[in-house]
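Reproduced below: upload.cif, with mmCIF, C-alpha atoms.
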```
data_coords
loop_
_atom_site.group_PDB
_atom_site.id
_atom_site.type_symbol
_atom_site.label_atom_id
_atom_site.label_comp_id
_atom_site.auth_asym_id
_atom_site.auth_seq_id
_atom_site.Cartn_x
_atom_site.Cartn_y
_atom_site.Cartn_z
ATOM 1 C CA MET A 1 100.452 115.388 108.765
ATOM 2 C CA ARG A 2 97.759 117.963 108.969
ATOM 3 C CA GLN A 3 99.824 120.226 111.230
ATOM 4 C CA ASP A 4 102.902 120.001 109.019
ATOM 5 C CA TYR A 5 101.217 120.214 105.644
ATOM 6 C CA GLU A 6 102.306 123.796 105.080
ATOM 7 C CA LYS A 7 105.927 122.799 105.655
ATOM 8 C CA PHE A 8 105.618 120.221 102.914
ATOM 9 C CA ARG A 9 104.011 122.819 100.665
ATOM 10 C CA ALA A 10 106.808 125.250 101.431
ATOM 11 C CA LEU A 11 109.247 122.706 100.028
ATOM 12 C CA GLY A 12 107.174 122.493 96.875
ATOM 13 C CA ALA A 13 105.817 119.043 97.612
ATOM 14 C CA GLU A 14 102.307 117.734 97.351
ATOM 15 C CA VAL A 15 100.997 115.311 99.945
ATOM 16 C CA ILE A 16 98.674 112.553 98.806
ATOM 17 C CA ALA A 17 97.050 110.178 101.266
ATOM 18 C CA ILE A 18 95.789 106.854 99.936
ATOM 19 C CA GLY A 19 93.691 104.518 102.022
ATOM 20 C CA PRO A 20 91.519 101.421 101.957
ATOM 21 C CA ASP A 21 88.281 103.100 102.970
ATOM 22 C CA SER A 22 85.406 103.754 100.590
ATOM 23 C CA PRO A 23 85.107 106.994 98.600
ATOM 24 C CA GLU A 24 82.141 107.921 100.784
ATOM 25 C CA ALA A 25 84.137 107.327 103.976
ATOM 26 C CA PHE A 26 86.947 109.469 102.542
ATOM 27 C CA ARG A 27 84.567 112.311 101.709
ATOM 28 C CA ARG A 28 83.126 112.236 105.207
ATOM 29 C CA TYR A 29 86.530 112.029 106.908
ATOM 30 C CA TRP A 30 88.010 114.847 104.818
ATOM 31 C CA ALA A 31 84.988 117.073 105.391
ATOM 32 C CA GLU A 32 84.898 116.339 109.096
ATOM 33 C CA HIS A 33 88.605 117.021 109.661
ATOM 34 C CA GLN A 34 88.952 119.687 106.946
ATOM 35 C CA LEU A 35 92.130 118.131 105.637
ATOM 36 C CA PRO A 36 94.037 120.371 103.216
ATOM 37 C CA PHE A 37 95.871 117.666 101.294
ATOM 38 C CA THR A 38 94.681 115.203 98.704
ATOM 39 C CA GLY A 39 92.842 112.078 99.822
ATOM 40 C CA LEU A 40 92.320 109.111 97.533
ATOM 41 C CA ALA A 41 90.137 106.112 98.250
ATOM 42 C CA ASP A 42 91.666 102.844 97.140
ATOM 43 C CA PRO A 43 89.112 100.293 98.378
ATOM 44 C CA LYS A 44 90.247 97.630 95.918
ATOM 45 C CA HIS A 45 93.849 97.974 97.159
ATOM 46 C CA LEU A 46 95.037 98.525 93.592
ATOM 47 C CA VAL A 47 97.534 101.262 94.362
ATOM 48 C CA ALA A 48 98.470 99.731 97.709
ATOM 49 C CA ARG A 49 99.481 96.528 95.928
ATOM 50 C CA LEU A 50 101.260 98.459 93.192
ATOM 51 C CA TYR A 51 103.368 100.111 95.884
ATOM 52 C CA GLY A 52 103.938 97.058 98.005
ATOM 53 C CA GLN A 53 101.919 98.141 101.012
ATOM 54 C CA GLU A 54 101.159 95.127 103.093
ATOM 55 C CA VAL A 55 97.438 94.487 103.211
ATOM 56 C CA LYS A 56 96.231 92.449 106.134
ATOM 57 C CA LEU A 57 93.019 91.078 104.795
ATOM 58 C CA LEU A 58 92.150 89.141 107.903
ATOM 59 C CA LYS A 59 92.463 92.247 110.047
ATOM 60 C CA LEU A 60 90.854 94.440 107.409
ATOM 61 C CA GLY A 61 93.734 96.805 107.694
ATOM 62 C CA ARG A 62 97.003 97.768 106.159
ATOM 63 C CA LEU A 63 100.361 98.627 107.573
ATOM 64 C CA PRO A 64 101.317 102.246 106.985
ATOM 65 C CA ALA A 65 103.819 103.117 104.290
ATOM 66 C CA VAL A 66 105.297 106.334 102.921
ATOM 67 C CA VAL A 67 106.915 106.860 99.538
ATOM 68 C CA VAL A 68 108.678 110.042 98.437
ATOM 69 C CA VAL A 69 108.631 110.595 94.676
ATOM 70 C CA ASP A 70 110.839 113.322 93.223
ATOM 71 C CA ARG A 71 109.959 115.763 90.469
ATOM 72 C CA ALA A 72 111.200 113.377 87.814
ATOM 73 C CA GLY A 73 108.791 110.691 89.012
ATOM 74 C CA ILE A 74 111.542 108.616 90.598
ATOM 75 C CA VAL A 75 111.122 106.902 93.958
ATOM 76 C CA ARG A 76 113.595 108.467 96.367
ATOM 77 C CA THR A 77 112.611 107.091 99.713
ATOM 78 C CA VAL A 78 110.412 104.208 100.721
ATOM 79 C CA TYR A 79 109.344 103.440 104.220
ATOM 80 C CA TYR A 80 107.267 100.458 105.183
ATOM 81 C CA GLY A 81 105.903 100.386 108.695
ATOM 82 C CA ASP A 82 105.964 97.121 110.572
ATOM 83 C CA SER A 83 103.157 97.994 112.902
ATOM 84 C CA MET A 84 100.038 100.116 112.708
ATOM 85 C CA ARG A 85 101.698 103.056 114.425
ATOM 86 C CA ASP A 86 105.051 102.735 112.785
ATOM 87 C CA ILE A 87 105.291 105.763 110.523
ATOM 88 C CA PRO A 88 108.292 107.958 109.803
ATOM 89 C CA PRO A 89 108.357 111.319 111.565
ATOM 90 C CA ASN A 90 107.467 114.262 109.349
ATOM 91 C CA GLU A 91 110.812 115.842 110.184
ATOM 92 C CA SER A 92 112.580 113.037 108.346
ATOM 93 C CA LEU A 93 110.326 113.379 105.324
ATOM 94 C CA LEU A 94 110.845 117.125 105.280
ATOM 95 C CA ALA A 95 114.604 116.629 105.470
ATOM 96 C CA THR A 96 114.382 114.263 102.517
ATOM 97 C CA LEU A 97 112.445 116.810 100.493
ATOM 98 C CA ALA A 98 114.785 119.618 101.458
ATOM 99 C CA ALA A 99 117.696 117.500 100.261
ATOM 100 C CA LEU A 100 115.941 116.922 96.948
ATOM 101 C CA ASP A 101 115.591 120.655 96.514
ATOM 102 C CA ALA A 102 119.210 121.228 97.405
ATOM 103 C CA GLY A 103 120.299 118.689 94.833
ATOM 104 C CA THR A 104 122.025 116.653 97.485
ATOM 105 C CA ASP A 105 119.551 113.787 97.348
ATOM 106 C CA GLN A 106 120.836 110.243 96.735
ATOM 107 C CA SER A 107 123.361 110.347 99.549
ATOM 108 C CA ALA A 108 121.795 112.714 102.016
ATOM 109 C CA ALA A 109 118.139 111.828 101.714
ATOM 110 C CA ARG A 110 117.531 109.219 104.272
ATOM 111 C CA VAL A 111 114.519 108.663 106.418
ATOM 112 C CA ALA A 112 115.646 108.066 109.945
ATOM 113 C CA PRO A 113 114.007 105.146 111.669
ATOM 114 C CA ALA A 114 111.551 106.032 114.387
ATOM 115 C CA ARG A 115 113.301 103.603 116.692
ATOM 116 C CA GLU A 116 116.804 102.293 116.759
ATOM 117 C CA GLY A 117 117.955 98.948 115.564
ATOM 118 C CA ARG A 118 115.838 98.492 112.506
ATOM 119 C CA GLU A 119 116.930 97.840 108.978
ATOM 120 C CA LYS A 120 113.751 97.890 106.994
ATOM 121 C CA HIS A 121 113.807 101.446 105.727
ATOM 122 C CA GLN A 122 115.615 101.862 102.474
ATOM 123 C CA THR A 123 116.972 104.892 100.792
ATOM 124 C CA MET B 1 103.888 91.715 97.589
ATOM 125 C CA THR B 2 106.761 93.467 95.869
ATOM 126 C CA ARG B 3 108.215 96.418 97.665
ATOM 127 C CA LEU B 4 109.554 99.412 95.817
ATOM 128 C CA SER B 5 113.199 100.359 95.647
ATOM 129 C CA PRO B 6 114.579 103.874 95.507
ATOM 130 C CA GLY B 7 115.922 104.960 92.142
ATOM 131 C CA HIS B 8 113.144 103.385 90.124
ATOM 132 C CA PRO B 9 110.215 105.154 88.489
ATOM 133 C CA ALA B 10 107.183 105.364 90.752
ATOM 134 C CA PRO B 11 104.325 103.293 89.315
ATOM 135 C CA ASP B 12 101.669 105.555 87.868
ATOM 136 C CA PHE B 13 98.136 105.324 89.157
ATOM 137 C CA GLU B 14 94.838 107.095 88.875
ATOM 138 C CA LEU B 15 92.188 107.485 91.592
ATOM 139 C CA GLU B 16 89.381 109.901 92.400
ATOM 140 C CA ASP B 17 89.866 112.402 95.179
ATOM 141 C CA VAL B 18 87.247 113.462 97.715
ATOM 142 C CA HIS B 19 85.939 116.085 95.302
ATOM 143 C CA GLY B 20 85.423 113.581 92.506
ATOM 144 C CA ARG B 21 88.454 114.781 90.566
ATOM 145 C CA THR B 22 90.728 112.271 88.940
ATOM 146 C CA VAL B 23 94.264 112.423 90.313
ATOM 147 C CA ARG B 24 97.111 110.826 88.392
ATOM 148 C CA LEU B 25 100.593 110.565 89.765
ATOM 149 C CA ALA B 26 101.939 111.367 86.301
ATOM 150 C CA ASP B 27 100.309 114.797 86.534
ATOM 151 C CA PHE B 28 102.947 115.809 89.080
ATOM 152 C CA ARG B 29 105.907 114.674 87.016
ATOM 153 C CA GLY B 30 108.142 117.575 86.085
ATOM 154 C CA ARG B 31 106.271 119.808 88.511
ATOM 155 C CA GLN B 32 106.372 118.740 92.140
ATOM 156 C CA PRO B 33 107.756 116.062 94.399
ATOM 157 C CA VAL B 34 104.994 113.968 95.929
ATOM 158 C CA VAL B 35 104.785 112.377 99.352
ATOM 159 C CA LEU B 36 102.513 109.344 99.125
ATOM 160 C CA VAL B 37 101.147 108.418 102.510
ATOM 161 C CA PHE B 38 99.531 105.000 102.581
ATOM 162 C CA LEU B 39 97.006 104.988 105.377
ATOM 163 C CA ARG B 40 96.061 101.980 107.395
ATOM 164 C CA GLY B 41 92.365 102.866 107.346
ATOM 165 C CA PHE B 42 90.210 105.172 109.453
ATOM 166 C CA ALA B 43 88.533 102.545 111.577
#
```
Just give me the structure as structure tokens.
Amino acid sequence: MRQDYEKFRALGAEVIAIGPDSPEAFRRYWAEHQLPFTGLADPKHLVARLYGQEVKLLKLGRLPAVVVVDRAGIVRTVYYGDSMRDIPPNESLLATLAALDAGTDQSAARVAPAREGREKHQT
Amino acid sequence: MTRLSPGHPAPDFELEDVHGRTVRLADFRGRQPVVLVFLRGFA
């Protein structure tokens, strides 16, 4: 995400990362890696639950998820990973955003699955 | 755990960023699309 952040910015989008770590851990991580996008600590899982991210309490982790929200505040694409490394490629997210800009969303905006044969992404 | 569906309003939320500023999703409405990336945790 860090490498592609400018591409997201070029499409007028803001990138917001939300995670389970403490505010202090977020500050350290963001300072250490000099991340240019917004980072929000959600240690109580409030936003994660609001957005349906699966929280694995026993493993003290969450499965990754990505949600694209358009300018009107409407959810356009949701992607829920089914494993820790299962995240949509940035190219798919960028294509979704480009389609929003072109006004061809709804039908064209679709996050391609990272692997074949899965049905869990929804657009 | 209820998953979101496309076409519905994104639930608003408010959290502090790494600079101590309050970020609300609603602040972006009418201005910018937002990509929300839910991390699995740093560890």
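For the pair CA of Leu63 in chain A and CA of Asp82 in chain A, the interatomic distance is 6.5 Å.
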Task: Length of the CA of Thr77 in chain A to CA of Leu39 in chain B vector [Å] - done: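 Result for CA of Thr77 in chain A versus CA of Leu39 in chain B: 16.7 Å, one decimal.
Every residue of chain B that lies within 7 Å of chain A is listed here, counting all atoms listed in the file: Met1, Thr2, Arg3, Leu4, Ser5, Pro6, Gly7, His8, Pro9, Ala10, Pro11, Phe13, Leu15, Glu16, Asp17, Val18, Arg29, Gly30, Arg31, Gln32, Pro33, Val34, Val35, Leu36, Val37, Phe38, Leu39, Arg40 and Gly41 of chain B.
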Open item on the list: What's the separation between CA of Asp12 in chain B and CA of Ala26 in chain B, in Å to one decimal place?
Closed with: 6.0 Å
